[in-house]
Every structure is written in structure tokens, then in C-alpha cells.
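Raw contents of target-v6.cif, mmCIF, C-alpha atoms:
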```cif
data_protein
loop_
_atom_site.label_atom_id
_atom_site.label_comp_id
_atom_site.auth_asym_id
_atom_site.auth_seq_id
_atom_site.Cartn_x
_atom_site.Cartn_y
_atom_site.Cartn_z
CA MET A 1 -45.76 1.77 24.10
CA LYS A 2 -48.64 1.64 26.54
CA LYS A 3 -50.01 -1.42 24.72
CA ILE A 4 -46.67 -3.15 24.92
CA ILE A 5 -46.40 -2.55 28.66
CA ILE A 6 -49.92 -3.86 29.18
CA LEU A 7 -49.17 -6.92 27.03
CA PHE A 8 -45.95 -7.52 29.00
CA LEU A 9 -47.78 -7.28 32.30
CA PHE A 10 -50.50 -9.65 31.15
CA THR A 11 -47.93 -12.11 29.84
CA THR A 12 -45.99 -12.00 33.11
CA LEU A 13 -49.16 -12.45 35.12
CA TYR A 14 -50.24 -15.34 32.86
CA VAL A 15 -46.90 -17.14 33.17
CA ASN A 16 -46.82 -16.61 36.94
CA ALA A 17 -50.41 -17.76 37.23
CA GLN A 18 -49.69 -20.83 35.10
CA GLU A 19 -46.53 -21.66 37.05
CA SER A 20 -48.19 -21.27 40.43
CA SER A 21 -51.09 -23.30 39.12
CA ILE A 22 -48.74 -26.06 37.93
CA SER A 23 -46.85 -26.03 41.23
CA ALA A 24 -50.07 -26.61 43.10
CA LYS A 25 -50.57 -29.88 41.27
CA LYS A 26 -48.46 -32.59 42.88
CA ASN A 27 -49.12 -35.69 40.78
CA GLU A 28 -48.44 -36.68 37.19
CA PHE A 29 -48.99 -39.71 34.99
CA ARG A 30 -47.09 -40.23 31.75
CA VAL A 31 -46.92 -42.65 28.84
CA ASP A 32 -43.79 -43.09 26.73
CA VAL A 33 -44.92 -42.86 23.10
CA PHE A 34 -41.38 -43.21 21.73
CA SER A 35 -40.79 -46.58 23.41
CA ALA A 36 -44.18 -47.80 22.29
CA ILE A 37 -43.46 -46.98 18.64
CA ALA A 38 -39.75 -47.79 18.48
CA PHE A 39 -39.50 -50.81 20.77
CA GLY A 40 -43.04 -52.10 21.21
CA ARG A 41 -42.65 -51.37 24.91
CA ILE A 42 -45.39 -50.22 27.24
CA SER A 43 -43.86 -47.64 29.54
CA VAL A 44 -45.91 -45.72 32.10
CA SER A 45 -44.72 -43.41 34.87
CA TYR A 46 -46.06 -41.73 37.96
CA GLU A 47 -44.33 -38.68 39.41
CA ARG A 48 -44.97 -37.06 42.79
CA PHE A 49 -43.70 -33.50 43.21
CA LEU A 50 -42.23 -32.84 46.64
CA GLY A 51 -41.31 -29.16 46.42
CA LYS A 52 -37.86 -27.53 46.58
CA ASN A 53 -37.20 -28.76 43.02
CA PHE A 54 -37.35 -32.42 43.97
CA SER A 55 -39.76 -35.12 42.85
CA VAL A 56 -39.96 -38.90 43.03
CA ASN A 57 -40.88 -40.99 40.04
CA LEU A 58 -41.84 -44.59 39.40
CA ASN A 59 -41.58 -45.93 35.87
CA THR A 60 -42.65 -49.42 34.77
CA ASN A 61 -41.88 -51.03 31.41
CA PHE A 62 -43.22 -54.16 29.80
CA SER A 63 -41.75 -55.27 26.48
CA ASN A 64 -43.42 -57.25 23.74
CA SER A 65 -41.56 -56.46 20.51
CA ASN A 66 -41.63 -58.94 17.63
CA LYS A 67 -38.46 -57.41 16.20
CA ILE A 68 -36.49 -57.91 19.41
CA GLN A 69 -38.01 -61.37 19.91
CA ASN A 70 -36.82 -62.31 16.40
CA GLU A 71 -33.34 -60.98 17.15
CA PHE A 72 -33.30 -63.09 20.32
CA ASP A 73 -34.48 -66.21 18.48
CA GLY A 74 -32.05 -65.62 15.61
CA GLY A 75 -29.03 -65.19 17.87
CA SER A 76 -28.35 -61.48 17.42
CA ARG A 77 -28.83 -61.03 21.16
CA ASN A 78 -28.71 -63.40 24.09
CA ASN A 79 -31.07 -61.61 26.43
CA LEU A 80 -34.59 -60.35 26.07
CA SER A 81 -35.73 -57.71 28.52
CA LYS A 82 -39.32 -58.28 29.60
CA TYR A 83 -39.93 -55.84 32.42
CA GLU A 84 -38.38 -53.00 34.40
CA PHE A 85 -39.43 -51.21 37.57
CA ASN A 86 -37.50 -47.95 37.76
CA PRO A 87 -37.92 -45.72 40.81
CA SER A 88 -36.06 -42.42 40.56
CA ILE A 89 -35.41 -39.12 42.28
CA ARG A 90 -35.46 -36.00 40.12
CA TYR A 91 -34.04 -32.57 40.60
CA ALA A 92 -35.13 -29.57 38.51
CA LEU A 93 -32.11 -27.80 37.05
CA SER A 94 -34.07 -24.75 35.85
CA LYS A 95 -36.09 -22.23 37.83
CA GLY A 96 -39.18 -22.34 35.60
CA LYS A 97 -42.17 -24.51 36.40
CA SER A 98 -43.87 -24.57 33.01
CA SER A 99 -40.71 -25.78 31.30
CA TYR A 100 -37.46 -26.91 32.82
CA TYR A 101 -34.48 -29.23 32.61
CA PHE A 102 -34.05 -31.95 35.17
CA ALA A 103 -31.61 -34.64 36.21
CA GLU A 104 -32.51 -37.93 37.80
CA ILE A 105 -30.85 -40.88 39.42
CA PHE A 106 -32.69 -44.14 39.23
CA ALA A 107 -32.61 -47.73 40.35
CA SER A 108 -33.98 -50.55 38.25
CA ALA A 109 -35.29 -53.97 39.07
CA ASN A 110 -35.40 -55.67 35.70
CA GLY A 111 -35.79 -59.13 34.24
CA GLY A 112 -36.40 -61.17 31.15
CA ASP A 113 -35.18 -64.19 29.21
CA TYR A 114 -31.61 -65.35 28.72
CA LYS A 115 -30.46 -67.79 26.05
CA GLU A 116 -27.35 -69.94 26.23
CA ILE A 117 -25.90 -72.87 24.33
CA ILE A 118 -25.77 -76.13 26.27
CA ARG A 119 -24.55 -79.62 25.46
CA ALA A 120 -27.34 -82.15 25.93
CA ILE A 121 -27.56 -85.90 25.50
CA ASP A 122 -30.11 -87.41 23.13
CA GLU A 123 -32.04 -90.69 23.36
CA ASN A 124 -29.18 -92.55 21.63
CA GLY A 125 -26.64 -91.40 24.17
CA ASN A 126 -25.00 -88.92 21.81
CA GLY A 127 -24.23 -85.33 22.70
CA TYR A 128 -25.58 -82.37 20.80
CA TYR A 129 -25.54 -78.61 21.18
CA THR A 130 -28.77 -76.73 21.56
CA THR A 131 -30.07 -73.50 23.03
CA GLN A 132 -31.75 -73.23 26.40
CA VAL A 133 -33.81 -70.26 27.56
CA SER A 134 -33.96 -69.31 31.24
CA LYS A 135 -35.14 -66.31 33.23
CA TYR A 136 -32.91 -63.58 34.62
CA THR A 137 -33.38 -60.78 37.11
CA ASP A 138 -30.98 -57.97 37.92
CA PHE A 139 -30.63 -54.66 39.69
CA ALA A 140 -29.28 -51.52 38.04
CA LEU A 141 -28.32 -47.98 39.02
CA GLY A 142 -28.14 -45.09 36.64
CA GLY A 143 -28.99 -41.54 35.79
CA GLY A 144 -30.59 -39.39 33.16
CA LEU A 145 -31.21 -35.90 31.89
CA GLY A 146 -34.49 -34.56 30.61
CA TYR A 147 -36.55 -31.61 29.58
CA LYS A 148 -40.19 -31.09 30.43
CA MET A 149 -42.77 -28.55 29.32
CA TYR A 150 -46.43 -28.05 30.13
CA PHE A 151 -49.33 -26.95 28.00
CA LYS A 152 -52.61 -25.67 29.39
CA ARG A 153 -51.19 -26.03 32.92
CA ALA A 154 -51.65 -29.79 32.95
CA TYR A 155 -50.47 -31.53 29.79
CA ALA A 156 -46.79 -32.49 29.84
CA VAL A 157 -44.29 -33.36 27.16
CA GLU A 158 -41.10 -34.84 28.50
CA LEU A 159 -37.87 -35.82 26.76
CA LEU A 160 -35.57 -38.15 28.67
CA VAL A 161 -32.17 -39.70 28.01
CA GLY A 162 -30.69 -41.92 30.66
CA PHE A 163 -28.57 -45.00 31.15
CA GLY A 164 -28.03 -47.42 33.97
CA LYS A 165 -25.75 -50.36 34.56
CA ASN A 166 -26.87 -53.73 35.76
CA LEU A 167 -24.86 -54.80 38.77
CA THR A 168 -25.56 -58.31 39.97
CA ASN A 169 -26.16 -60.71 37.08
CA THR A 170 -24.55 -59.32 33.93
CA ILE A 171 -23.58 -62.74 32.60
CA LYS A 172 -27.24 -63.12 31.79
CA SER A 173 -28.74 -59.65 31.89
CA PRO A 174 -28.00 -56.75 29.51
CA ASP A 175 -25.08 -54.65 30.76
CA ILE A 176 -26.87 -51.39 30.10
CA ILE A 177 -30.38 -50.25 30.87
CA SER A 178 -31.43 -47.36 28.67
CA ARG A 179 -34.12 -44.87 29.59
CA VAL A 180 -34.69 -42.95 26.41
CA GLY A 181 -38.17 -41.68 25.88
CA ILE A 182 -40.63 -39.10 24.72
CA ASN A 183 -43.41 -39.02 27.27
CA LEU A 184 -46.83 -37.46 27.17
CA GLY A 185 -48.38 -36.82 30.57
CA TYR A 186 -51.12 -35.26 32.62
CA ARG A 187 -50.50 -33.38 35.86
CA PHE A 188 -53.19 -33.04 38.49
CA MET B 189 -24.00 -21.26 34.25
CA LYS B 190 -24.36 -23.35 37.36
CA THR B 191 -27.01 -25.42 35.63
CA VAL B 192 -24.79 -26.03 32.62
CA LYS B 193 -21.96 -27.16 34.89
CA LEU B 194 -24.30 -29.49 36.73
CA ALA B 195 -25.55 -30.95 33.45
CA ALA B 196 -21.99 -31.42 32.14
CA ILE B 197 -20.91 -33.18 35.32
CA PHE B 198 -23.96 -35.40 35.10
CA VAL B 199 -23.28 -36.36 31.46
CA LEU B 200 -19.67 -37.22 32.36
CA PHE B 201 -20.96 -39.30 35.23
CA LEU B 202 -23.29 -41.17 32.88
CA ILE B 203 -20.58 -41.86 30.30
CA THR B 204 -18.23 -43.14 33.00
CA PHE B 205 -20.94 -45.14 34.62
CA MET B 206 -21.96 -46.88 31.41
CA GLY B 207 -18.50 -48.37 30.96
CA CYS B 208 -18.10 -51.06 28.36
CA ASN B 209 -20.54 -53.67 27.24
CA THR B 210 -19.63 -57.33 27.60
CA ASN B 211 -22.48 -59.35 26.23
CA ASP B 212 -24.59 -57.25 23.88
CA ASN B 213 -24.44 -56.86 20.12
CA SER B 214 -22.75 -60.15 19.27
CA PHE B 215 -23.99 -63.25 17.52
CA TYR B 216 -24.91 -66.00 19.91
CA ASN B 217 -26.07 -68.96 17.80
CA GLU B 218 -22.47 -70.09 17.27
CA GLU B 219 -20.55 -73.03 18.67
CA TYR B 220 -16.88 -73.77 18.02
CA LEU B 221 -15.04 -77.09 17.82
CA ASN B 222 -11.53 -78.31 17.10
CA ILE B 223 -11.40 -81.56 15.12
CA PRO B 224 -8.05 -82.34 13.44
CA ASN B 225 -7.43 -83.79 9.98
CA LEU B 226 -10.87 -83.52 8.37
CA THR B 227 -9.27 -82.33 5.13
CA GLN B 228 -6.54 -83.88 3.01
CA ILE B 229 -4.55 -82.47 0.13
CA GLN B 230 -4.04 -85.37 -2.24
CA THR B 231 -0.41 -84.65 -2.90
CA GLN B 232 1.78 -86.24 -5.57
CA PRO B 233 5.60 -86.58 -5.74
CA SER B 234 5.51 -84.45 -8.89
CA TYR B 235 2.95 -82.67 -11.03
CA ALA B 236 2.61 -82.44 -14.79
CA VAL B 237 0.44 -80.22 -16.93
CA GLY B 238 -3.03 -81.76 -17.10
CA ASP B 239 -2.88 -83.31 -13.62
CA TYR B 240 -5.60 -82.57 -11.12
CA LEU B 241 -4.99 -81.50 -7.55
CA TYR B 242 -7.63 -83.06 -5.33
CA ILE B 243 -8.95 -81.83 -2.00
CA ASN B 244 -10.77 -84.44 0.07
CA SER B 245 -12.92 -83.83 3.07
CA THR B 246 -14.80 -86.33 5.19
CA ILE B 247 -16.66 -85.39 8.37
CA ASN B 248 -18.40 -88.12 10.31
CA ARG B 249 -21.79 -87.14 11.70
CA LEU B 250 -20.68 -88.38 15.11
CA GLN B 251 -17.45 -86.85 16.34
CA SER B 252 -15.43 -87.36 19.48
CA GLU B 253 -14.94 -84.13 21.34
CA SER B 254 -12.19 -83.11 23.70
CA GLY B 255 -13.31 -83.15 27.31
CA GLN B 256 -16.50 -85.08 26.62
CA ASN B 257 -17.23 -88.78 27.12
CA THR B 258 -20.04 -88.96 24.56
CA LEU B 259 -19.87 -88.53 20.80
CA LEU B 260 -21.16 -85.28 19.36
CA ASP B 261 -23.94 -85.40 16.75
CA LEU B 262 -23.19 -82.64 14.24
CA ARG B 263 -26.47 -83.13 12.37
CA LYS B 264 -28.59 -82.73 15.45
CA SER B 265 -26.52 -79.80 16.70
CA THR B 266 -27.08 -77.87 13.48
CA GLY B 267 -30.74 -78.69 12.90
CA ASN B 268 -29.78 -81.11 10.09
CA ALA B 269 -27.52 -78.72 8.21
CA THR B 270 -27.11 -79.95 4.66
CA SER B 271 -23.41 -79.15 4.45
CA PHE B 272 -20.27 -77.87 6.11
CA ASP B 273 -18.60 -75.22 4.00
CA PHE B 274 -15.06 -73.91 3.66
CA THR B 275 -13.04 -71.90 1.19
CA TYR B 276 -9.69 -72.44 -0.45
CA LEU B 277 -7.50 -71.10 -3.23
CA ILE B 278 -5.01 -72.53 -5.73
CA GLU B 279 -2.89 -69.77 -7.16
CA LYS B 280 -0.26 -69.70 -9.88
CA GLN B 281 2.69 -67.37 -9.71
CA ILE B 282 2.53 -64.85 -12.55
CA ASP B 283 5.61 -62.78 -11.69
CA ALA B 284 8.04 -62.27 -8.81
CA ASN B 285 5.42 -60.80 -6.47
CA ASN B 286 2.02 -61.70 -7.86
CA TRP B 287 -0.22 -64.71 -7.93
CA ALA B 288 -3.46 -65.41 -9.82
CA LEU B 289 -6.27 -67.75 -8.88
CA VAL B 290 -6.36 -70.84 -11.06
CA ASP B 291 -9.40 -71.05 -13.31
CA ALA B 292 -11.78 -73.57 -11.78
CA SER B 293 -14.68 -73.22 -14.15
CA PRO B 294 -16.63 -76.48 -14.76
CA ALA B 295 -14.42 -77.56 -17.66
CA ASN B 296 -11.38 -77.54 -15.38
CA ILE B 297 -12.67 -79.48 -12.39
CA ILE B 298 -13.70 -83.00 -11.50
CA LEU B 299 -16.47 -82.87 -8.92
CA SER B 300 -16.65 -86.29 -7.28
CA THR B 301 -18.72 -85.48 -4.21
CA GLY B 302 -20.03 -82.37 -2.51
CA GLY B 303 -20.57 -78.92 -3.93
CA PHE B 304 -18.17 -76.45 -5.48
CA THR B 305 -18.49 -72.82 -6.53
CA TYR B 306 -15.80 -70.89 -8.34
CA GLU B 307 -15.94 -67.31 -7.08
CA THR B 308 -14.14 -65.92 -10.12
CA GLY B 309 -10.87 -64.27 -9.26
CA ASN B 310 -11.40 -64.59 -5.51
CA PHE B 311 -11.63 -68.12 -4.06
CA TYR B 312 -13.30 -71.52 -4.27
CA ASN B 313 -16.30 -72.23 -2.09
CA ALA B 314 -16.42 -75.89 -1.08
CA ASN B 315 -19.41 -77.71 0.40
CA ALA B 316 -19.02 -81.01 2.20
CA ILE B 317 -22.55 -82.29 1.71
CA PHE B 318 -24.20 -84.81 4.03
CA ASN B 319 -24.50 -88.30 2.57
CA PRO B 320 -27.20 -90.24 4.49
CA ILE B 321 -25.85 -93.58 3.23
CA SER B 322 -22.35 -93.10 4.59
CA ASP B 323 -23.60 -90.89 7.45
CA LYS B 324 -20.84 -88.39 6.63
CA TYR B 325 -20.36 -84.93 5.17
CA GLU B 326 -18.25 -85.43 2.04
CA PHE B 327 -16.32 -83.32 -0.45
CA ARG B 328 -13.87 -84.32 -3.17
CA VAL B 329 -12.90 -82.04 -6.04
CA GLY B 330 -9.92 -82.01 -8.39
CA ILE B 331 -8.76 -78.84 -10.10
CA LYS B 332 -6.84 -79.14 -13.36
CA LEU B 333 -3.36 -77.72 -13.53
CA THR B 334 -3.36 -76.35 -17.05
CA SER B 335 0.12 -74.88 -17.36
CA ALA B 336 3.64 -75.26 -16.01
CA GLY B 337 4.84 -73.02 -13.20
CA ASN B 338 4.90 -72.46 -9.46
CA TYR B 339 1.66 -72.94 -7.56
CA ARG B 340 0.43 -72.57 -4.02
CA LEU B 341 -2.65 -73.80 -2.20
CA SER B 342 -4.16 -72.15 0.88
CA PHE B 343 -7.35 -72.42 2.92
CA GLY B 344 -9.67 -69.66 4.00
CA TYR B 345 -10.36 -66.47 2.05
CA ASN B 346 -9.00 -63.57 4.11
CA SER B 347 -8.39 -65.99 6.95
CA SER B 348 -5.55 -65.51 9.40
CA SER B 349 -5.29 -69.22 10.10
CA THR B 350 -2.12 -70.82 8.73
CA ASP B 351 -2.47 -74.43 9.83
CA SER B 352 -6.14 -75.30 9.64
CA VAL B 353 -9.32 -75.39 7.60
CA GLU B 354 -12.28 -73.42 8.97
CA TYR B 355 -15.60 -75.15 8.40
CA ARG B 356 -18.99 -73.57 9.06
CA SER B 357 -22.27 -75.44 9.01
CA ASN B 358 -24.85 -74.39 6.48
CA SER B 359 -27.51 -73.98 9.16
CA VAL B 360 -30.86 -72.41 8.41
CA GLY B 361 -33.46 -70.60 10.47
CA ASN B 362 -32.66 -70.20 14.14
CA ASN B 363 -30.52 -73.33 14.35
CA LEU B 364 -26.98 -73.24 15.72
CA PHE B 365 -24.00 -72.68 13.47
CA MET B 366 -21.16 -75.08 14.16
CA ASN B 367 -17.69 -73.77 13.36
CA ILE B 368 -15.02 -76.44 13.11
CA ASN B 369 -11.36 -75.59 13.14
CA SER B 370 -9.50 -78.53 11.62
CA THR B 371 -5.73 -78.70 11.47
CA ILE B 372 -4.26 -79.99 8.20
CA SER B 373 -0.90 -81.40 7.13
CA ASN B 374 1.36 -80.23 4.31
CA LEU B 375 1.08 -76.47 4.90
CA ASP B 376 4.17 -74.35 5.49
CA SER B 377 4.56 -71.85 8.34
CA VAL B 378 2.56 -69.17 6.51
CA GLY B 379 -0.27 -71.48 5.46
CA TYR B 380 0.68 -72.57 1.92
CA TYR B 381 1.19 -75.87 0.21
CA ASN B 382 3.72 -75.01 -2.50
CA PHE B 383 4.28 -77.18 -5.58
CA THR B 384 5.61 -76.96 -9.09
CA VAL B 385 3.97 -78.14 -12.29
CA ASN B 386 6.39 -79.29 -14.99
#
```

Would you write out, as C-alpha cells, the structure that this file holds?
Amino acid sequence: MKKIIILFLFTTLYVNAQESSISAKKNEFRVDVFSAIAFGRISVSYERFLGKNFSVNLNTNFSNSNKIQNEFDGGSRNNLSKYEFNPSIRYALSKGKSSYYFAEIFASANGGDYKEIIRAIDENGNGYYTTQVSKYTDFALGGGLGYKMYFKRAYAVELLVGFGKNLTNTIKSPDIISRVGINLGYRF
Amino acid sequence: MKTVKLAAIFVLFLITFMGCNTNDNSFYNEEYLNIPNLTQIQTQPSYAVGDYLYINSTINRLQSESGQNTLLDLRKSTGNATSFDFTYLIEKQIDANNWALVDASPANIILSTGGFTYETGNFYNANAIFNPISDKYEFRVGIKLTSAGNYRLSFGYNSSSTDSVEYRSNSVGNNLFMNINSTISNLDSVGYYNFTVN
């Protein structure tokens, strides 16, 4: 019984020490390994912890997926997202610091290529249909839910599911911006 | 409990916020045209056993297009598609409520121009193939009427169209697919040309 009480005390002290140690660190960098593998997308994030369960986050994405490029070329999609800048505000839904749920609202400045069919005139004066690729940019708002846990007081694993809606140019841009990821990070 | 409520409200917010999608997950290399009378049923006043029922199709490479003041080049639009394809059926009545597709195996057809595939029991696949000499896509096939009875001809396998033939270019690679909706004479209000073989 004595051993159990001592073990419990040590465990409590360790968790408190780890949580206070984590709280003292205000910055975090992350890389989204899921997006890299599934979508060929480079996605990196920086998070600044403000206290009182709030933090601000900036995520940037750059896409270069052959699969999605082929779908765009083949006509399965008419837009090809190239980049996203996603600032967000997060709120921790759980009390814990070493692992917790959070919710975020985010904005997104995003852009890429858009393909449309146009009627052109050839050198003989005849019309013909062809595809034309142009650039698009748009602005989205959205939200997400996630879960984060820390190992060794610094290494983070974060799961995130979120969606946003483009607002200004949806004829050309994708209607929905998804923020689904499995991030690995370092807090310092 | 408060956290769970917050999360539930947030998920509902997300679902509502996402709404519906208007321009994702479709196929975008498609263009649609309406050009009347590209197909003719070579009708006869009466039919006898052993006659052939011909379907003719001629599509000029250059087509006038509603709302445009220049001709449309179908070849260039489709990346030099080799053919425009459509489907049709000739069925014979086998009892009061049932019809059977007429056998169009090679012994029972006359293939003058174009391509033809008999999808046994289902439909006929017709290919109006481009002829560089005439500068047209052409198809002409006769199907032998081997027995007396009531027959009906229709266009489009599982198509809801009742007054037109639906062509689709045989485009390859990333080239555009041209879909031509072409109205045709001689069909009744439900899309059949009915005739009797004596």
C-alpha cells in the first residue's frame, strides 16, 4: 500500500512537472505527415501559445501531387490547389496540458490553377473548343477540431479535422478547404 | 460534459458551414452541342423478310453552331477523335409485353461505312468513323430482318431521350469529349420507330 501511495505521488508530481514544463514553452513547429503522404502536400505550422487556453497558429501548404495534377489534366477536377496560408485561433477544450482536445477557427488565403473550356478561333477562321488554364485566388473561413499529445515534454502529435468554405471566387476555386492532418511537432 | 457540448456544437457548425459543393467531383473535359438530323433511318413503305434496315449517319467536320458566326471544327475540338459513337437497338416483339434484340452478328449485317459492334442481347454500338477524303464522320449499316413480326427501333441504351441520337466523340488522352445531341425524324412520342415485317 505504501509503495502504491509513493508511486501515485511520484506519478502526480511527474505529470504536474511535465505539464508545467510544457506550459512554459510558448512556441511550436509542426509538419503534417499525413498530407505529405496522402496528397503530396508540404504543410508546416507554427503555433504560439498565449495562455488562458488560447493559442494562435499559422499553417502554410504547398501542393505538388502528380495524382491530383493528372486528375486536373484528365478532367476529373477543374481546379488545382497550389497553396494555402491558414491563420487560426485555437482554444483548448480540455484542462490537461500534456494531452488535450482543441477547437479552432481559421481563415485561408488560397490559390491555384483553374481550367475551363473556351471556344477559340484557329488560323483558318474556324472555331474549336479547347481548355484554358488560369490562376485563381480565394479567401475562406472555417473551423476544426483536434487532439494533441506531448511526449518527453516537447514532441507533439496532433490530429486535426477541419473544413472551411471559400467565399469570394467559388466559380473557379474549390468550394471547400479541408484541413485534415496528422502533425508531428516540436515545442520549445 | 461542457466540453462535449462545445465539441458537438462545433461539429454542427462545421457541417452547416460546409454546405453543398457546386464545382467539385464532376467531369470537366466535356462539351455539349445540338446539331439536328445527323442520323437517318432509311425507311421503306413496307418490309419483307430478308430486307435490311439501314441507319445512316453523316457528320461534317465543320458544323454551324447556334449563336456563333464561325463554323466549329469537330476534329480540332476533340484532338482528332477517330469517331463519334452512338448506340441503338432493333427489337422484335416476342409476346404481348416482351421484346428481344435482333441478332446483328456479322452474317446478318451489311457494314458499308463506319464501325459496328453487336453487344449481344443488349444494344448495337455504332461508330461514325472519320473519312479524310470526304472530311466527314460516316456510318452506314443495314441489319437483316430475318423473320416476320412487329419490330421497333430506338436510339440510346438506357437513354431517356425520345427524339434524338446522342453522339460522343471517341477522344483519347486529355482531349475534350464532344457530346452531340441530334434530333431525328420518324420516332414516336416515346422514342420508337415501329414497323412490321411481312

Expansion of the PyMOL selection byres ((chain A) within 8 of (chain B)) into residues, as an MDAnalysis selection string = chainID A and resid 73:78 93:94 103 116:117 125:131 142:145 162:165 170:171 174:176

task = Could you state which residues are captured by the PyMOL selection byres ((chain B and resi 304-315) around 12) in this file, as a count of residues only?
result = 59

message = Once the PyMOL selection byres ((chain A and resi 177-179) around 12) has been evaluated on this model, what residues remain selected, and can you format them as number ranges by chain?
response = A: 32, 34-35, 39, 41, 43, 45, 59-61, 80-81, 83-88, 104-111, 138-146, 159-167, 170, 173-176, 180-183; B: 202, 205-206, 209, 212

For CA of Asp351 (chain B) and CA of Ala284 (chain B), the interatomic separation in Å (one decimal) =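 One can read the CA of Asp351 (chain B) to CA of Ala284 (chain B) distance as 24.6 Å.
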
request  = Select all residues near (-1.8, -83.8, 5.0) (cut-off 8 Å, inclusive, file coordinates), counting only C-alpha atoms, and output them as a ChimeraX atom specification.
outcome  = /B:225,227-230,372-375

task = Rounded to one decimal place, report the CA of Glu71 (chain A)-CA of Asn222 (chain B) distance in Å.
result =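 One can read the CA of Glu71 (chain A) to CA of Asn222 (chain B) distance as 27.9 Å.
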
query = Hey, what's within 6 Å of Tyr91 (chain A) if we count all atoms listed in the file and toss same-chain stuff fewer than 3 positions away? As a list in words, please?
reply =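 Everything that qualifies: Asn53, Phe54, Phe102 and Ala103 of chain A.
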
ask   = CA of Tyr136 (chain A) to CA of Leu58 (chain A): how many Å, to one decimal?
value =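 That distance, rounded to one decimal, is 21.5 Å.
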
Box dimensions and centre (Å, one decimal) enclosing region 84-100 of chain A, axis-aligned, 3 Å extra per side, as AutoDock Vina command-line options:
```
--center_x -38.0 --center_y -37.6 --center_z 36.8 --size_x 17.8 --size_y 36.8 --size_z 17.0
```

If I only have part of region 92-108 of chain A, can you fill in N, CA and C atoms and write it as a CSV table (one decimal), in the coordinates of the input?
```csv
chain,number,residue,atom,x,y,z
A,92,ALA,N,-35.0,-30.6,39.6
A,92,ALA,CA,-35.1,-29.6,38.5
A,92,ALA,C,-33.9,-28.7,38.4
A,93,LEU,N,-33.3,-28.6,37.2
A,93,LEU,CA,-32.1,-27.8,37.0
A,93,LEU,C,-32.4,-26.4,36.7
A,94,SER,N,-33.7,-26.1,36.2
A,94,SER,CA,-34.1,-24.8,35.8
A,94,SER,C,-35.0,-24.2,36.9
A,95,LYS,N,-35.2,-22.9,36.9
A,95,LYS,CA,-36.1,-22.2,37.8
A,95,LYS,C,-37.6,-22.3,37.4
A,96,GLY,N,-37.8,-22.4,36.1
A,96,GLY,CA,-39.2,-22.3,35.6
A,96,GLY,C,-40.0,-23.6,36.0
A,97,LYS,N,-41.3,-23.4,36.1
A,97,LYS,CA,-42.2,-24.5,36.4
A,97,LYS,C,-42.9,-25.0,35.2
A,98,SER,N,-43.1,-24.1,34.2
A,98,SER,CA,-43.9,-24.6,33.0
A,98,SER,C,-43.0,-25.2,32.0
A,99,SER,N,-41.7,-25.0,32.1
A,99,SER,CA,-40.7,-25.8,31.3
A,99,SER,C,-39.4,-25.7,32.0
A,100,TYR,N,-38.7,-26.9,32.1
A,100,TYR,CA,-37.5,-26.9,32.8
A,100,TYR,C,-36.7,-28.2,32.5
A,101,TYR,N,-35.4,-28.1,32.7
A,101,TYR,CA,-34.5,-29.2,32.6
A,101,TYR,C,-34.4,-29.9,34.0
A,102,PHE,N,-34.2,-31.2,33.9
A,102,PHE,CA,-34.0,-32.0,35.2
A,102,PHE,C,-33.0,-33.1,35.0
A,103,ALA,N,-32.5,-33.5,36.2
A,103,ALA,CA,-31.6,-34.6,36.2
A,103,ALA,C,-32.2,-35.7,37.2
A,104,GLU,N,-32.0,-36.9,36.9
A,104,GLU,CA,-32.5,-37.9,37.8
A,104,GLU,C,-31.5,-39.0,38.0
A,105,ILE,N,-31.6,-39.6,39.2
A,105,ILE,CA,-30.8,-40.9,39.4
A,105,ILE,C,-31.9,-41.9,39.7
A,106,PHE,N,-31.7,-43.1,39.1
A,106,PHE,CA,-32.7,-44.1,39.2
A,106,PHE,C,-32.1,-45.5,39.6
A,107,ALA,N,-32.9,-46.3,40.1
A,107,ALA,CA,-32.6,-47.7,40.4
A,107,ALA,C,-33.5,-48.5,39.4
A,108,SER,N,-33.2,-49.7,39.1
A,108,SER,CA,-34.0,-50.6,38.2
A,108,SER,C,-34.0,-52.0,38.7
```
